[in-house]
Amino acid sequence: MKNNIVKEIEKYYTEKVVKHGATSKGVDWNGKESHYIRFKQLSKILPRNEHFSVLDFGCGFGALIDYLLENNYNFDYIGYDISKEMITAGKEKYGALKNVTFENDLSKISMTDYVIANGLFNVKLKTNDEDWKEYILNTLKELDRLAEKGFSFNILTSYSDKEYMKDYLYYANPLFFFDYCKQNFSKDVALLHDYKLYEFTILVRK
């Protein structure tokens, strides 16, 4: 089941980047403003005054790099994505930066200080909710394994207005995922649901 899910998601995002290029639409966001709102929430897991390594899990073309640079973070960045076209776009855009690497093979990536997963769990396509939920939980275990100091992720919220919800997207109960992270990963977990998007962000500090 997982392999089928990954294949469908890889196809979906590859088509986006081929059509729109290295832009917010190329990773299926409406625009840069909402893209950066998400980065702001997810990056609350990161330290401001010390060097760190970060794995951008499902990195797309690596837009997080611009956000980190613009906000003066001191970092080494690894971008991982299942779409080879996304990785190619990232290398073309950021390949000259010495503190940046991109990888399409997860087995080649070792533990980093922090892991960030932006929009990874929203687009379920035709996968049913239970199978998608299991896929999310298995992926969270992977994020936890790869993160030495902490990780963050976001998901569309089940508190979204019903008239705007779409069948191919997954809307999660934020309380379930908060509890799951508290029970399985760390006692230090934050749920952020106070910013103006129909989603929530969870920060897990170890």
# chains A, B, ... in the order shown; residues from 1 in each chain; ligands from 1

call {"tool": "residues_around", "arguments": {"residues": "Ile109 (chain A)", "least_positions_apart": "6", "cutoff": "10 Å", "atoms": "only C-alpha atoms", "output": "VMD selection string"}}
result
chain A and resid 55 78 to 80 102 to 103 146

call {"tool": "write_last_selection", "arguments": {"atoms": "N, CA and C atoms", "output": "PDB file, in the first residue's frame"}}
result
ATOM      1  N   LEU A  55      16.963  18.744   7.895  1.00  0.00           N
ATOM      2  CA  LEU A  55      16.484  17.946   6.776  1.00  0.00           C
ATOM      3  C   LEU A  55      15.100  18.440   6.394  1.00  0.00           C
ATOM      4  N   ILE A  78      19.754  19.839   4.099  1.00  0.00           N
ATOM      5  CA  ILE A  78      19.612  18.672   3.232  1.00  0.00           C
ATOM      6  C   ILE A  78      18.161  18.619   2.766  1.00  0.00           C
ATOM      7  N   GLY A  79      17.959  18.597   1.480  1.00  0.00           N
ATOM      8  CA  GLY A  79      16.621  18.492   0.931  1.00  0.00           C
ATOM      9  C   GLY A  79      16.376  17.092   0.399  1.00  0.00           C
ATOM     10  N   TYR A  80      15.272  16.483   0.822  1.00  0.00           N
ATOM     11  CA  TYR A  80      14.906  15.147   0.325  1.00  0.00           C
ATOM     12  C   TYR A  80      13.516  15.215  -0.295  1.00  0.00           C
ATOM     13  N   PHE A 102      21.031  18.116  -1.929  1.00  0.00           N
ATOM     14  CA  PHE A 102      19.739  17.505  -2.236  1.00  0.00           C
ATOM     15  C   PHE A 102      19.932  16.011  -2.454  1.00  0.00           C
ATOM     16  N   GLU A 103      18.926  15.230  -2.044  1.00  0.00           N
ATOM     17  CA  GLU A 103      19.033  13.783  -2.148  1.00  0.00           C
ATOM     18  C   GLU A 103      17.672  13.173  -2.470  1.00  0.00           C
ATOM     19  N   LEU A 146      15.051  10.344  12.171  1.00  0.00           N
ATOM     20  CA  LEU A 146      16.057  11.164  11.494  1.00  0.00           C
ATOM     21  C   LEU A 146      16.407  12.448  12.253  1.00  0.00           C
TER      22      LEU A 146
END

call {"tool": "residues_around", "arguments": {"residues": "Leu46 (chain A)", "least_positions_apart": "2", "cutoff": "9 Å", "atoms": "only C-alpha atoms", "output": "number ranges by chain"}}
result
A: 42-44, 48, 52, 54, 73, 114, 150-151

call {"tool": "atom_distance", "arguments": {"atom1": "CA of Asn154 (chain A)", "atom2": "CA of Gly58 (chain A)"}}
result
12.0 Å

call {"tool": "closest_residue", "arguments": {"among": "A:Leu143, A:Ile37, A:Ile136, A:Leu191", "to": "Asp56 (chain A)", "atoms": "only C-alpha atoms"}}
result
A:Leu143

call {"tool": "select_by_dssp", "arguments": {"residues": "region 49-163 of chain A", "states": "strand (DSSP E)", "output": "PyMOL selection string"}}
result
chain A and resi 52-57+75-80+100-103+112-117+147-156

call {"tool": "write_last_selection", "arguments": {"atoms": "N, CA, C and O atoms", "output": "CSV table (one decimal), in the first residue's frame"}}
result
chain,number,residue,atom,x,y,z
A,52,PHE,N,22.9,24.8,13.1
A,52,PHE,CA,22.2,23.5,13.1
A,52,PHE,C,22.2,22.9,11.7
A,52,PHE,O,22.3,23.6,10.7
A,53,SER,N,21.9,21.6,11.7
A,53,SER,CA,21.6,20.9,10.4
A,53,SER,C,20.1,20.7,10.4
A,53,SER,O,19.5,20.4,11.4
A,54,VAL,N,19.5,20.8,9.2
A,54,VAL,CA,18.1,20.6,9.0
A,54,VAL,C,17.8,19.7,7.8
A,54,VAL,O,18.4,20.0,6.7
A,55,LEU,N,17.0,18.7,7.9
A,55,LEU,CA,16.5,17.9,6.8
A,55,LEU,C,15.1,18.4,6.4
A,55,LEU,O,14.2,18.4,7.2
A,56,ASP,N,15.0,18.9,5.2
A,56,ASP,CA,13.7,19.3,4.6
A,56,ASP,C,13.1,18.1,3.9
A,56,ASP,O,13.4,17.8,2.8
A,57,PHE,N,12.2,17.4,4.6
A,57,PHE,CA,11.6,16.1,4.2
A,57,PHE,C,10.4,16.4,3.3
A,57,PHE,O,9.4,16.9,3.8
A,75,PHE,N,22.8,27.5,9.2
A,75,PHE,CA,22.4,26.2,9.0
A,75,PHE,C,23.1,25.4,7.9
A,75,PHE,O,23.7,26.0,7.0
A,76,ASP,N,23.1,24.1,8.0
A,76,ASP,CA,23.4,23.2,6.9
A,76,ASP,C,22.1,22.5,6.5
A,76,ASP,O,21.3,22.0,7.3
A,77,TYR,N,21.8,22.5,5.2
A,77,TYR,CA,20.5,22.1,4.7
A,77,TYR,C,20.6,20.8,3.8
A,77,TYR,O,21.5,20.7,3.0
A,78,ILE,N,19.8,19.8,4.1
A,78,ILE,CA,19.6,18.7,3.2
A,78,ILE,C,18.2,18.6,2.8
A,78,ILE,O,17.2,18.6,3.6
A,79,GLY,N,18.0,18.6,1.5
A,79,GLY,CA,16.6,18.5,0.9
A,79,GLY,C,16.4,17.1,0.4
A,79,GLY,O,17.2,16.6,-0.4
A,80,TYR,N,15.3,16.5,0.8
A,80,TYR,CA,14.9,15.1,0.3
A,80,TYR,C,13.5,15.2,-0.3
A,80,TYR,O,12.6,15.8,0.3
A,100,VAL,N,24.3,23.5,1.2
A,100,VAL,CA,23.1,22.9,0.7
A,100,VAL,C,23.3,21.6,-0.1
A,100,VAL,O,24.2,21.6,-1.0
A,101,THR,N,22.6,20.6,0.2
A,101,THR,CA,22.7,19.3,-0.6
A,101,THR,C,21.2,18.8,-0.8
A,101,THR,O,20.3,19.1,0.0
A,102,PHE,N,21.0,18.1,-1.9
A,102,PHE,CA,19.7,17.5,-2.2
A,102,PHE,C,19.9,16.0,-2.5
A,102,PHE,O,21.0,15.6,-3.0
A,103,GLU,N,18.9,15.2,-2.0
A,103,GLU,CA,19.0,13.8,-2.1
A,103,GLU,C,17.7,13.2,-2.5
A,103,GLU,O,16.7,13.6,-1.9
A,112,THR,N,19.9,14.3,11.3
A,112,THR,CA,20.2,15.7,11.4
A,112,THR,C,19.7,16.3,12.7
A,112,THR,O,18.9,15.6,13.4
A,113,ASP,N,20.0,17.5,13.0
A,113,ASP,CA,19.5,18.1,14.2
A,113,ASP,C,18.0,18.2,14.2
A,113,ASP,O,17.3,17.8,15.1
A,114,TYR,N,17.5,18.7,13.1
A,114,TYR,CA,16.0,19.0,13.0
A,114,TYR,C,15.5,18.5,11.6
A,114,TYR,O,16.2,18.4,10.6
A,115,VAL,N,14.2,18.1,11.6
A,115,VAL,CA,13.6,17.7,10.4
A,115,VAL,C,12.3,18.5,10.3
A,115,VAL,O,11.5,18.7,11.2
A,116,ILE,N,12.0,19.1,9.1
A,116,ILE,CA,10.8,19.8,8.8
A,116,ILE,C,10.1,19.2,7.6
A,116,ILE,O,10.7,18.8,6.6
A,117,ALA,N,8.8,19.0,7.8
A,117,ALA,CA,7.9,18.4,6.7
A,117,ALA,C,6.8,19.4,6.4
A,117,ALA,O,5.9,19.5,7.3
A,147,ALA,N,15.6,12.8,13.3
A,147,ALA,CA,15.8,14.1,14.0
A,147,ALA,C,16.4,13.8,15.3
A,147,ALA,O,15.9,13.1,16.2
A,148,GLU,N,17.6,14.4,15.6
A,148,GLU,CA,18.2,14.3,16.9
A,148,GLU,C,17.6,15.2,17.9
A,148,GLU,O,17.4,14.9,19.1
A,149,LYS,N,17.2,16.4,17.5
A,149,LYS,CA,16.8,17.4,18.5
A,149,LYS,C,15.3,17.8,18.3
A,149,LYS,O,14.7,18.3,19.3
A,150,GLY,N,14.7,17.5,17.2
A,150,GLY,CA,13.3,17.8,17.1
A,150,GLY,C,12.8,17.8,15.6
A,150,GLY,O,13.6,17.8,14.7
A,151,PHE,N,11.5,17.8,15.5
A,151,PHE,CA,11.0,17.9,14.1
A,151,PHE,C,9.6,18.7,14.1
A,151,PHE,O,9.0,18.8,15.2
A,152,SER,N,9.2,19.1,13.0
A,152,SER,CA,7.9,19.8,12.9
A,152,SER,C,7.2,19.4,11.6
A,152,SER,O,7.9,19.1,10.6
A,153,PHE,N,5.9,19.5,11.6
A,153,PHE,CA,5.1,19.1,10.4
A,153,PHE,C,3.8,19.9,10.5
A,153,PHE,O,3.4,20.3,11.5
A,154,ASN,N,3.1,19.9,9.3
A,154,ASN,CA,1.8,20.5,9.3
A,154,ASN,C,0.8,19.7,8.5
A,154,ASN,O,1.2,18.8,7.7
A,155,ILE,N,-0.5,19.8,8.8
A,155,ILE,CA,-1.5,19.1,8.1
A,155,ILE,C,-2.7,20.0,8.1
A,155,ILE,O,-3.0,20.8,9.0
A,156,LEU,N,-3.5,19.8,7.0
A,156,LEU,CA,-4.8,20.5,6.9
A,156,LEU,C,-5.7,20.1,8.1
A,156,LEU,O,-5.7,19.0,8.6

call {"tool": "select_by_dssp", "arguments": {"residues": "region 9-192 of chain A", "states": "helix (DSSP H, G or I)", "output": "PyMOL selection string"}}
result
chain A and resi 9-20+25-27+32-45+64-70+84-94+106-108+129-146+162-164+174-184

call {"tool": "closest_residue", "arguments": {"among": "A:Asp161, A:Leu175, A:Ser186, A:Leu192", "to": "Val204 (chain A)", "atoms": "only C-alpha atoms"}}
result
A:Ser186

call {"tool": "closest_residue", "arguments": {"among": "A:Tyr170, A:Phe185, A:Tyr135, A:Tyr94", "to": "Phe61 (chain A)", "atoms": "only C-alpha atoms"}}
result
A:Tyr94
